[in-house]
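**Student:** Okay, so here is my_file28.cif, and as you'll see once you scroll down, it has mmCIF, C-alpha atoms.
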```
data_entry
loop_
_atom_site.label_atom_id
_atom_site.label_comp_id
_atom_site.auth_asym_id
_atom_site.auth_seq_id
_atom_site.Cartn_x
_atom_site.Cartn_y
_atom_site.Cartn_z
CA MET A 858 -35.06 -19.36 67.54
CA PRO A 859 -31.62 -19.76 65.87
CA PRO A 860 -30.77 -17.21 63.14
CA LEU A 861 -31.69 -17.99 59.55
CA THR A 862 -28.52 -19.17 57.81
CA VAL A 863 -27.74 -21.37 54.84
CA SER A 864 -25.67 -23.83 56.90
CA LEU A 865 -28.54 -24.26 59.35
CA ALA A 866 -30.83 -24.98 56.39
CA LEU A 867 -28.42 -27.71 55.27
CA ILE A 868 -28.34 -29.27 58.76
CA ILE A 869 -32.16 -29.32 58.76
CA PHE A 870 -32.09 -30.94 55.31
CA ALA A 871 -29.78 -33.71 56.61
CA ALA A 872 -31.98 -34.22 59.69
CA GLY A 873 -34.97 -34.49 57.38
CA VAL A 874 -33.27 -37.22 55.33
CA VAL A 875 -32.57 -39.30 58.47
CA ALA A 876 -36.02 -38.73 60.02
CA GLY A 877 -37.83 -39.43 56.75
CA GLY A 878 -35.81 -42.56 56.01
CA LEU A 879 -36.22 -44.09 59.46
CA GLY A 880 -39.84 -43.00 59.57
CA ILE A 881 -40.81 -44.77 56.38
CA ALA A 882 -38.75 -47.88 57.19
CA LEU A 883 -40.61 -48.24 60.50
CA GLY A 884 -44.03 -47.13 59.30
CA LEU A 885 -43.94 -44.04 61.49
CA GLY A 886 -43.91 -40.46 60.37
CA GLY A 887 -40.59 -38.61 60.52
CA GLY A 888 -42.03 -35.98 62.87
CA ILE A 889 -41.49 -37.93 66.07
CA LEU A 890 -37.72 -37.81 65.32
CA LEU A 891 -37.50 -34.44 63.57
CA VAL A 892 -39.20 -32.44 66.35
CA PRO A 893 -36.79 -33.55 69.14
CA PHE A 894 -33.80 -32.99 66.84
CA LEU A 895 -34.91 -29.44 66.06
CA THR A 896 -35.75 -28.56 69.64
CA LEU A 897 -33.17 -30.51 71.69
CA GLY A 898 -30.40 -30.40 69.08
CA LEU A 899 -30.77 -27.04 67.36
CA GLY A 900 -32.54 -25.05 70.06
CA PHE A 901 -35.80 -24.29 68.26
CA PRO A 902 -38.79 -23.63 70.54
CA LEU A 903 -41.13 -26.64 70.45
CA LYS A 904 -43.79 -24.59 68.67
CA SER A 905 -41.47 -23.76 65.74
CA ALA A 906 -40.16 -27.33 65.60
CA ALA A 907 -43.73 -28.66 65.50
CA ALA A 908 -44.61 -26.18 62.73
CA ILE A 909 -41.63 -27.21 60.57
CA SER A 910 -42.39 -30.86 61.18
CA LEU A 911 -46.06 -30.41 60.18
CA THR A 912 -44.97 -29.20 56.73
CA THR A 913 -43.00 -32.44 56.26
CA VAL A 914 -46.06 -34.41 57.43
CA ILE A 915 -48.16 -32.68 54.73
CA ALA A 916 -45.57 -33.32 52.02
CA THR A 917 -45.19 -37.00 52.97
CA SER A 918 -48.96 -37.48 53.13
CA SER A 919 -49.50 -35.94 49.69
CA ALA A 920 -46.64 -37.90 48.11
CA VAL A 921 -47.62 -41.25 49.65
CA ALA A 922 -51.33 -40.83 48.85
CA ALA A 923 -50.53 -39.81 45.26
CA ALA A 924 -48.41 -42.93 44.84
CA ARG A 925 -51.15 -45.16 46.29
CA ALA A 926 -54.07 -43.69 44.34
CA GLY A 927 -55.78 -46.32 42.25
CA ASN A 928 -55.19 -49.46 44.30
CA GLN A 929 -58.26 -49.06 46.57
CA LEU A 930 -56.22 -49.29 49.78
CA MET A 931 -57.24 -45.80 50.84
CA ASN A 932 -60.79 -45.72 52.14
CA LEU A 933 -61.87 -42.25 50.94
CA ARG A 934 -65.27 -42.21 52.65
CA LEU A 935 -64.03 -43.45 56.00
CA GLY A 936 -61.09 -41.04 55.69
CA MET A 937 -63.31 -38.05 55.00
CA LEU A 938 -65.65 -38.92 57.88
CA LEU A 939 -62.74 -39.27 60.32
CA GLU A 940 -61.15 -36.08 58.97
CA VAL A 941 -64.09 -34.11 60.38
CA ALA A 942 -62.83 -35.27 63.81
CA THR A 943 -59.09 -34.84 63.10
CA VAL A 944 -59.53 -31.34 61.69
CA ALA A 945 -61.56 -30.32 64.74
CA GLY A 946 -58.86 -31.84 66.98
CA GLY A 947 -56.13 -30.17 64.93
CA LEU A 948 -57.78 -26.77 65.13
CA LEU A 949 -58.09 -27.08 68.88
CA GLY A 950 -54.47 -28.28 69.16
CA GLY A 951 -53.18 -25.37 67.07
CA ILE A 952 -55.00 -22.86 69.24
CA THR A 953 -53.94 -24.59 72.49
CA ALA A 954 -50.28 -24.62 71.38
CA GLN A 955 -50.40 -20.81 71.37
CA MET A 956 -51.56 -20.76 74.98
CA VAL A 957 -49.71 -23.51 76.87
CA ALA A 958 -46.17 -23.15 78.24
CA GLU A 959 -43.13 -24.64 76.49
CA SER A 960 -42.54 -26.96 79.47
CA THR A 961 -46.07 -28.37 79.20
CA LEU A 962 -45.54 -29.09 75.50
CA GLN A 963 -42.23 -30.82 76.35
CA ARG A 964 -43.93 -33.03 78.94
CA ILE A 965 -46.73 -33.99 76.51
CA PHE A 966 -44.14 -34.77 73.81
CA GLY A 967 -42.15 -36.91 76.25
CA PHE A 968 -45.26 -38.84 77.21
CA VAL A 969 -46.29 -39.41 73.57
CA ALA A 970 -42.71 -40.50 72.70
CA ILE A 971 -42.96 -43.25 75.34
CA VAL A 972 -46.34 -44.38 73.99
CA VAL A 973 -44.89 -44.50 70.46
CA ALA A 974 -41.86 -46.46 71.72
CA VAL A 975 -44.15 -49.07 73.28
CA MET A 976 -46.32 -49.19 70.13
CA THR A 977 -43.22 -49.70 67.98
CA LEU A 978 -42.10 -52.69 70.00
CA ARG A 979 -45.53 -54.32 70.03
CA ARG A 980 -46.59 -56.02 66.86
CA VAL A 981 -50.13 -55.28 65.79
CA ASN A 982 -51.72 -58.36 64.37
CA ARG A 983 -53.86 -58.28 61.28
CA ARG A 984 -57.35 -59.61 61.77
CA ASN A 985 -61.02 -59.01 61.01
CA VAL A 986 -60.57 -59.57 57.29
CA ILE A 987 -62.97 -61.47 55.10
CA CYS A 988 -61.33 -63.12 52.11
CA ASP A 989 -64.45 -63.02 49.96
CA PRO A 990 -64.84 -60.70 46.96
CA ASN A 991 -68.65 -60.86 47.20
CA ALA A 992 -69.08 -59.97 50.87
CA ASP A 993 -70.88 -56.68 51.50
CA PRO A 994 -68.48 -54.00 52.86
CA GLY A 995 -71.38 -51.78 53.99
CA ARG A 996 -71.46 -48.03 53.48
CA LEU A 997 -68.08 -47.26 55.07
CA GLY A 998 -66.13 -50.46 54.59
CA GLY A 999 -63.90 -51.31 51.71
CA ARG A 1000 -62.46 -53.90 49.42
CA PHE A 1001 -58.95 -54.27 48.01
CA TYR A 1002 -56.70 -56.83 46.44
CA ASP A 1003 -54.03 -58.09 48.82
CA ALA A 1004 -50.99 -59.41 46.97
CA GLU A 1005 -49.51 -61.04 50.09
CA SER A 1006 -52.45 -63.45 50.57
CA SER A 1007 -53.45 -63.14 46.87
CA CYS A 1008 -57.12 -62.58 47.60
CA VAL A 1009 -59.65 -59.78 47.56
CA ILE A 1010 -60.10 -58.60 51.14
CA THR A 1011 -63.43 -57.13 52.22
CA TYR A 1012 -63.93 -55.37 55.55
CA ARG A 1013 -66.64 -53.56 57.46
CA VAL A 1014 -66.05 -50.68 59.83
CA ARG A 1015 -67.05 -51.33 63.43
CA ARG A 1016 -67.11 -49.10 66.55
CA LEU A 1017 -67.28 -45.87 64.53
CA PRO A 1018 -67.51 -43.61 67.63
CA LEU A 1019 -64.19 -45.03 68.86
CA ALA A 1020 -62.60 -44.36 65.46
CA LEU A 1021 -63.90 -40.78 65.58
CA PHE A 1022 -62.61 -40.27 69.12
CA ALA A 1023 -59.15 -41.67 68.23
CA SER A 1024 -59.07 -39.38 65.20
CA PHE A 1025 -59.92 -36.34 67.30
CA VAL A 1026 -57.11 -37.13 69.78
CA ALA A 1027 -54.69 -37.84 66.90
CA GLY A 1028 -55.55 -34.53 65.23
CA ASN A 1029 -55.10 -32.69 68.50
CA LEU A 1030 -51.67 -34.17 69.24
CA SER A 1031 -50.71 -33.73 65.59
CA SER A 1032 -50.88 -29.96 65.55
CA LEU A 1033 -49.80 -29.60 69.17
CA LEU A 1034 -46.59 -31.63 68.70
CA GLY A 1035 -45.94 -31.65 64.94
CA ILE A 1036 -46.43 -35.37 64.45
CA GLY A 1037 -48.69 -37.08 61.91
CA GLY A 1038 -50.87 -38.88 64.44
CA GLY A 1039 -51.01 -42.14 62.48
CA VAL A 1040 -49.32 -43.86 65.39
CA ILE A 1041 -52.50 -43.30 67.43
CA LYS A 1042 -55.14 -43.89 64.73
CA VAL A 1043 -53.72 -46.89 62.87
CA PRO A 1044 -53.51 -49.37 65.79
CA ILE A 1045 -57.03 -48.44 66.97
CA LEU A 1046 -58.57 -48.67 63.48
CA ASN A 1047 -56.84 -52.01 63.03
CA ALA A 1048 -57.38 -53.64 66.40
CA TRP A 1049 -60.89 -52.41 67.30
CA CYS A 1050 -62.60 -51.01 64.23
CA GLY A 1051 -62.18 -53.87 61.79
CA VAL A 1052 -59.97 -52.06 59.26
CA PRO A 1053 -57.12 -54.23 57.91
CA MET A 1054 -53.62 -52.96 58.71
CA ARG A 1055 -52.67 -51.87 55.19
CA ALA A 1056 -55.99 -50.11 54.57
CA ALA A 1057 -55.77 -48.39 57.98
CA ALA A 1058 -52.21 -47.19 57.25
CA ALA A 1059 -53.09 -45.96 53.74
CA THR A 1060 -56.25 -44.16 54.91
CA SER A 1061 -54.39 -42.59 57.82
CA ALA A 1062 -51.55 -41.45 55.53
CA LEU A 1063 -54.10 -39.66 53.34
CA MET A 1064 -55.86 -38.08 56.33
CA ILE A 1065 -52.83 -36.65 58.09
CA GLY A 1066 -52.21 -34.20 55.23
CA VAL A 1067 -55.47 -32.36 55.88
CA THR A 1068 -55.04 -32.63 59.65
CA ALA A 1069 -51.53 -31.19 59.58
CA THR A 1070 -52.61 -28.41 57.20
CA GLY A 1071 -55.05 -27.03 59.78
CA GLY A 1072 -52.31 -26.87 62.40
CA ALA A 1073 -49.63 -25.55 60.02
CA ILE A 1074 -51.88 -22.69 58.83
CA ILE A 1075 -52.28 -21.53 62.44
CA TYR A 1076 -48.52 -21.65 63.07
CA TYR A 1077 -47.87 -19.84 59.77
CA GLY A 1078 -50.33 -17.08 60.58
CA ARG A 1079 -48.87 -16.62 64.06
CA GLY A 1080 -45.31 -16.32 62.69
CA ASP A 1081 -43.98 -19.63 64.04
CA LEU A 1082 -43.42 -21.14 60.59
CA GLN A 1083 -40.67 -19.85 58.29
CA ALA A 1084 -40.40 -21.03 54.70
CA LEU A 1085 -36.57 -21.04 54.84
CA PHE A 1086 -36.69 -23.76 57.53
CA ALA A 1087 -39.69 -25.63 56.14
CA ALA A 1088 -38.16 -25.96 52.64
CA PRO A 1089 -35.03 -27.97 53.58
CA ALA A 1090 -37.01 -30.09 56.06
CA VAL A 1091 -39.61 -30.99 53.40
CA LEU A 1092 -37.01 -31.75 50.72
CA GLY A 1093 -34.91 -33.78 53.19
CA VAL A 1094 -37.84 -35.85 54.41
CA GLN A 1095 -38.92 -36.53 50.82
CA LEU A 1096 -35.44 -37.69 49.85
CA GLY A 1097 -35.19 -39.77 53.05
CA SER A 1098 -38.60 -41.39 52.49
CA TRP A 1099 -37.66 -42.27 48.93
CA ALA A 1100 -34.38 -43.81 50.08
CA GLY A 1101 -36.07 -45.47 53.06
CA LEU A 1102 -38.58 -47.23 50.82
CA ASN A 1103 -35.73 -48.86 48.92
CA VAL A 1104 -33.65 -49.69 52.01
CA ALA A 1105 -36.55 -50.92 54.16
CA GLU A 1106 -36.78 -54.20 52.29
CA HIS A 1107 -33.18 -55.08 53.12
CA ALA A 1108 -32.76 -53.67 56.61
CA SER A 1109 -33.42 -55.70 59.74
CA VAL A 1110 -36.65 -54.12 60.89
CA LYS A 1111 -36.45 -55.83 64.28
CA TRP A 1112 -33.22 -54.06 65.24
CA LEU A 1113 -34.40 -50.81 63.70
CA LYS A 1114 -37.46 -51.00 65.96
CA ILE A 1115 -35.38 -51.62 69.07
CA LEU A 1116 -33.05 -48.76 68.12
CA MET A 1117 -36.04 -46.50 67.47
CA ALA A 1118 -37.61 -47.36 70.84
CA ALA A 1119 -34.31 -46.61 72.59
CA VAL A 1120 -34.04 -43.24 70.83
CA LEU A 1121 -37.62 -42.35 71.72
CA ILE A 1122 -37.17 -43.22 75.38
CA THR A 1123 -34.02 -41.08 75.46
CA VAL A 1124 -35.97 -38.27 73.82
CA ALA A 1125 -38.71 -38.64 76.42
CA GLY A 1126 -36.12 -38.47 79.21
CA LEU A 1127 -34.55 -35.33 77.75
CA MET A 1128 -37.95 -33.69 77.28
CA PHE A 1129 -38.92 -34.38 80.89
CA THR A 1130 -35.54 -33.06 82.12
CA ARG A 1131 -35.90 -29.88 80.04
CA SER A 1132 -39.44 -29.30 81.23
CA THR A 1133 -38.45 -29.32 84.90
CA GLY A 1134 -34.97 -27.77 84.67
CA SER A 1135 -33.93 -24.17 83.87
CA MET B 757 -67.34 -53.88 40.96
CA ASN B 758 -70.54 -51.95 41.79
CA PRO B 759 -71.16 -48.31 40.69
CA GLY B 760 -70.16 -46.97 44.12
CA GLU B 761 -66.78 -48.59 43.90
CA ARG B 762 -66.27 -47.31 40.36
CA ASP B 763 -66.98 -43.78 41.61
CA ALA B 764 -64.49 -44.26 44.43
CA GLU B 765 -61.82 -45.40 42.00
CA HIS B 766 -62.52 -42.43 39.73
CA LEU B 767 -62.17 -40.04 42.69
CA GLU B 768 -58.97 -41.77 43.81
CA LEU B 769 -57.35 -41.13 40.45
CA ILE B 770 -58.36 -37.45 40.41
CA ILE B 771 -57.07 -37.03 43.98
CA GLY B 772 -53.80 -38.72 43.00
CA ARG B 773 -53.35 -36.23 40.17
CA VAL B 774 -54.10 -33.20 42.40
CA LEU B 775 -51.69 -34.37 45.11
CA ARG B 776 -48.92 -35.20 42.63
CA LEU B 777 -49.20 -31.79 40.96
CA GLY B 778 -49.19 -30.01 44.35
CA THR B 779 -46.16 -31.84 45.77
CA ALA B 780 -44.18 -31.50 42.54
CA THR B 781 -44.85 -27.75 42.29
CA SER B 782 -44.09 -26.97 45.93
CA SER B 783 -40.93 -29.10 45.95
CA THR B 784 -39.72 -27.41 42.77
CA CYS B 785 -40.24 -23.98 44.35
CA PHE B 786 -38.42 -25.11 47.52
CA ALA B 787 -35.51 -26.65 45.61
CA ALA B 788 -35.13 -23.62 43.33
CA GLY B 789 -35.36 -21.14 46.22
CA LEU B 790 -32.88 -23.04 48.40
CA SER B 791 -30.42 -23.52 45.51
CA LEU B 792 -30.45 -19.78 44.90
CA MET B 793 -29.75 -19.15 48.61
CA ILE B 794 -26.89 -21.65 48.66
CA LEU B 795 -25.37 -20.13 45.52
CA GLY B 796 -25.36 -16.80 47.33
CA ARG B 797 -28.15 -15.35 45.21
CA GLY B 798 -30.78 -15.30 47.93
CA GLY B 799 -32.35 -12.17 46.51
CA ALA B 800 -35.93 -11.24 45.82
CA LEU B 801 -36.61 -14.35 43.73
CA ALA B 802 -35.59 -16.78 46.50
CA ARG B 803 -37.58 -14.75 49.01
CA VAL B 804 -40.65 -15.21 46.83
CA LEU B 805 -40.11 -18.85 45.80
CA LEU B 806 -39.84 -20.25 49.35
CA PRO B 807 -43.11 -18.81 50.73
CA VAL B 808 -44.89 -19.63 47.45
CA GLY B 809 -43.74 -23.25 47.80
CA LEU B 810 -45.00 -23.28 51.39
CA VAL B 811 -48.42 -21.87 50.45
CA ILE B 812 -48.78 -24.42 47.61
CA LEU B 813 -47.81 -27.20 50.05
CA LEU B 814 -50.50 -26.05 52.50
CA ALA B 815 -53.07 -25.62 49.71
CA THR B 816 -52.59 -29.13 48.29
CA PRO B 817 -54.56 -31.13 50.92
CA ALA B 818 -57.24 -28.41 50.84
CA ALA B 819 -57.46 -28.80 47.06
CA ARG B 820 -57.94 -32.53 47.59
CA VAL B 821 -60.93 -31.81 49.85
CA ILE B 822 -62.42 -29.33 47.33
CA VAL B 823 -62.13 -31.89 44.52
CA SER B 824 -63.90 -34.42 46.77
CA VAL B 825 -66.83 -32.02 47.39
CA VAL B 826 -67.29 -31.60 43.64
CA GLU B 827 -67.17 -35.35 43.10
CA TYR B 828 -69.69 -36.13 45.88
CA VAL B 829 -72.06 -33.48 44.48
CA ARG B 830 -71.77 -35.18 41.09
CA GLU B 831 -72.60 -38.52 42.74
CA ARG B 832 -75.50 -36.86 44.64
CA ASP B 833 -74.13 -38.31 47.87
CA TRP B 834 -75.43 -35.50 50.08
CA LEU B 835 -74.24 -36.99 53.37
CA PHE B 836 -70.67 -36.94 52.11
CA VAL B 837 -71.11 -33.51 50.53
CA ALA B 838 -72.01 -32.30 54.04
CA LEU B 839 -69.10 -34.14 55.72
CA THR B 840 -66.59 -32.88 53.16
CA LEU B 841 -67.90 -29.33 53.57
CA ALA B 842 -67.48 -29.74 57.34
CA VAL B 843 -63.79 -30.61 56.79
CA LEU B 844 -63.42 -27.52 54.56
CA LEU B 845 -65.13 -25.44 57.22
CA GLY B 846 -62.56 -26.74 59.74
CA LEU B 847 -59.72 -25.63 57.46
CA ALA B 848 -61.39 -22.25 56.97
CA ALA B 849 -61.63 -21.94 60.76
CA SER B 850 -57.85 -22.57 60.95
CA VAL B 851 -57.24 -19.70 58.53
CA TRP B 852 -59.54 -17.55 60.65
CA ALA B 853 -57.75 -18.58 63.87
CA ALA B 854 -54.38 -17.92 62.24
CA PHE B 855 -54.88 -14.45 60.86
CA LEU B 856 -57.50 -12.86 63.09
#
```
Once more with this new file: its structure as structure tokens, please.
**Tutor:**
Amino acid sequence: MPPLTVSLALIIFAAGVVAGGLGIALGLGGGILLVPFLTLGLGFPLKSAAAISLTTVIATSSAVAAARAGNQLMNLRLGMLLEVATVAGGLLGGITAQMVAESTLQRIFGFVAIVVAVMTLRRVNRRNVICDPNADPGRLGGRFYDAESSCVITYRVRRLPLALFASFVAGNLSSLLGIGGGVIKVPILNAWCGVPMRAAAATSALMIGVTATGGAIIYYGRGDLQALFAAPAVLGVQLGSWAGLNVAEHASVKWLKILMAAVLITVAGLMFTRSTGS
Amino acid sequence: MNPGERDAEHLELIIGRVLRLGTATSSTCFAAGLSLMILGRGGALARVLLPVGLVILLATPAARVIVSVVEYVRERDWLFVALTLAVLLGLAASVWAAFL
């Protein structure tokens, strides 16, 4: 791990701004960019990079969920039920990260980066919504006002076991790699479980805070998480997310997505090279 | 809006308040601690502020879960009391795995 210096803290802050800004503009967490920057660019071991990144995931989750509270987009019951699975996955991931080799973590990260790149390029269509304020959402479903289509959208949750399984995998990869895991949960909740895109994203954003906390506590206890590195990363990602929210409306998301996919595929290539070399 | 949805909205607002307070406090600690370090005064105060900010950051989502348990008890929704306690148990297991 590089020595603790003030200039390194400032570099991490700047990286956080970029990762947070791009992350929010593309609807991804910043972690998928921050982790490779910390490990490939600054020479942190993947475990420490993941730990730092998890703290930014927690901060983003708390800030985004606080801002959204009150508009019924977050499905609290569904979120809490799926959190049982993500926390279990996160706990397992945090323990596994202590046992597997750095090269294995690099290979898993490379593989996930490719999956995320493909997901970024594919557009997930919204469907399964009922535009009827009187429809019954069932015990786990939800109802919210959608400004875009100016109607009250009601939805029911389907294929709950699949949602639980996806949440477990997301929680596992989250604490293993320092990413939020929304990139795994959101498309599955949307495409197969009947949850509209915006509700899936809001619920996932709320959930990843608790998921990442489980992993971060393990890293903190094992000495892989230092407050001096976490602080600038968290503040940078928060500033970047705030800026990204304002820029996202004007930027060309299509080109941002293509750029992002290119960066992720490069990251995957570098991770695979590192894992086999030296 | 049926009573269940009113309860959910009530809980959402409480959760929003808890999360806002947690993020604001931890970010203030981080910003103050880092500023002291950059100004060359990274003494005892900075060395306390940074870890305190980190612990508050980690405690915030846990606080959200605790508030939810209380709310589901108040609603007598025992299934969700059990599920929320299971999430808390998972977090407790992380603390156990971290420090033991």
**Student:** Which residues of segment 931-1038 of chain A come within 12 Å of segment 913-922 of chain A, and what is each one's closest atom pair and distance in Å (one decimal), counting all atoms listed in the file, sorted by chain and residue number, as a Markdown table?
**Tutor:**
```
| residue | atom | partner | partner_atom | distance |
| --- | --- | --- | --- | --- |
| A:Met931 | CA | A:Ala922 | CA | 8.0 |
| A:Asn932 | CA | A:Ala922 | CA | 11.1 |
| A:Leu933 | CA | A:Ala922 | CA | 10.8 |
| A:Gly936 | CA | A:Ala922 | CA | 11.9 |
| A:Ser1031 | CA | A:Val914 | CA | 9.4 |
| A:Ser1032 | CA | A:Val914 | CA | 10.4 |
| A:Leu1034 | CA | A:Val914 | CA | 11.6 |
| A:Gly1035 | CA | A:Val914 | CA | 8.0 |
| A:Ile1036 | CA | A:Val914 | CA | 7.1 |
| A:Gly1037 | CA | A:Val914 | CA | 5.8 |
| A:Gly1038 | CA | A:Val914 | CA | 9.6 |
```
**Student:** Give as a VMD selection string every residue of chain B that touches chain A within 7 Å, counting all atoms listed in the file.
**Tutor:** chain B and resid 765 768 to 769 772 to 773 775 to 776 779 783 786 793 to 794 806 to 807 810 813 to 814 817 to 818 839 to 840 842 to 843 846 to 847 850 to 851 853 to 855
**Student:** List the residues matched by the PyMOL selection byres ((chain B and resi 828) around 12) in the displayed structure as a PyMOL selection string, ordered by chain and then by residue number.
**Tutor:** (chain A and resi 933-934+937) or (chain B and resi 760+763-764+766-767+821-827+829-841)
**Student:** Could you state the separation of atom CA of Thr961 of chain A and atom CA of Val1040 of chain A in Å, given to one decimal place?
**Tutor:**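 So the two atoms, atom CA of Thr961 of chain A and atom CA of Val1040 of chain A, lie 21.0 Å apart.
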**Student:** Would you mind listing what lies within 6 Å of Gly888 of chain A as a list in words, with only C-alpha atoms counted and same-chain residues fewer than 3 positions away left out?
**Tutor:** Leu891, Val892, Ser910 and Ile1036 of chain A
**Student:** Near Leu899 of chain A, counting all atoms listed in the file, which residues have an atom at most 10 Å away, once you skip same-chain residues fewer than 2 positions from it, shown as a CSV table (one decimal) with C-alpha atoms, in the coordinates of the input?
**Tutor:**
```csv
chain,number,residue,atom,x,y,z
A,858,MET,CA,-35.1,-19.4,67.5
A,859,PRO,CA,-31.6,-19.8,65.9
A,865,LEU,CA,-28.5,-24.3,59.4
A,868,ILE,CA,-28.3,-29.3,58.8
A,869,ILE,CA,-32.2,-29.3,58.8
A,893,PRO,CA,-36.8,-33.6,69.1
A,894,PHE,CA,-33.8,-33.0,66.8
A,895,LEU,CA,-34.9,-29.4,66.1
A,896,THR,CA,-35.8,-28.6,69.6
A,897,LEU,CA,-33.2,-30.5,71.7
A,901,PHE,CA,-35.8,-24.3,68.3
A,902,PRO,CA,-38.8,-23.6,70.5
A,906,ALA,CA,-40.2,-27.3,65.6
```
**Student:** Identify, on the basis of only C-alpha atoms, every residue whose closest approach to Ala1119 of chain A does not exceed 12 Å; exclude the query and any residue fewer than 3 positions from it along the same chain; express the result as a list in words.
**Tutor:**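 The neighbour list is Leu890, Ala970, Ile971, Val973, Ala974, Val975, Thr977, Leu978, Trp1112, Leu1113, Lys1114, Ile1115, Leu1116, Ile1122, Thr1123, Val1124, Ala1125 and Gly1126 of chain A.
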**Student:** In Å, with one decimal, what is the gap from atom CA of Gly877 of chain A to atom CA of Ala1062 of chain A?
**Tutor:**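 Rounded to one decimal, the two atoms are 13.9 Å apart.
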**Student:** To one decimal place, how far is atom CA of Val1120 of chain A from atom CA of Ser1132 of chain A in Å?
**Tutor:** 18.2 Å
**Student:** Hey, could you pull the box centre and edge lengths for segment 1113-1117 of chain A, axis-aligned, 3 Å padding per side, all listed atoms, to one decimal in Å, as lines of an AutoDock Vina configuration file?
**Tutor:**
```
center_x = -35.3
center_y = -49.1
center_z = 66.4
size_x = 10.4
size_y = 11.1
size_z = 11.4
```
**Student:** Restricting the calculation to all atoms listed in the file: of B:Val808, B:Ala815, B:Leu792, B:Leu801, which residue gets closest to Gly778 of chain B?
**Tutor:**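 Closest to Gly778 of chain B, using all atoms listed in the file: B:Ala815.
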**Student:** Specify as JSON, numbers by chain each residue included when the PyMOL selection byres ((chain A and resi 1054-1058) around 6) is applied to this file.
**Tutor:** {"A": [930, 931, 983, 1043, 1047, 1052, 1053, 1059, 1060, 1061]}
**Student:** Give the answer as one residue: which of B:Ile812, B:Ala788, B:Ala849, B:Leu856 has the shortest atom-to-atom distance to Val774 of chain B, using all atoms listed in the file?
**Tutor:**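 Answer, going by the shortest atom-to-atom distance: B:Ile812.
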**Student:** Between A:Val957, A:Leu997, A:Asp1081, A:Leu1030, which residue has the minimum interatomic distance to Cys1050 of chain A, considering all atoms listed in the file?
**Tutor:**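 Distance minimum relative to Cys1050 of chain A lands on A:Leu997.
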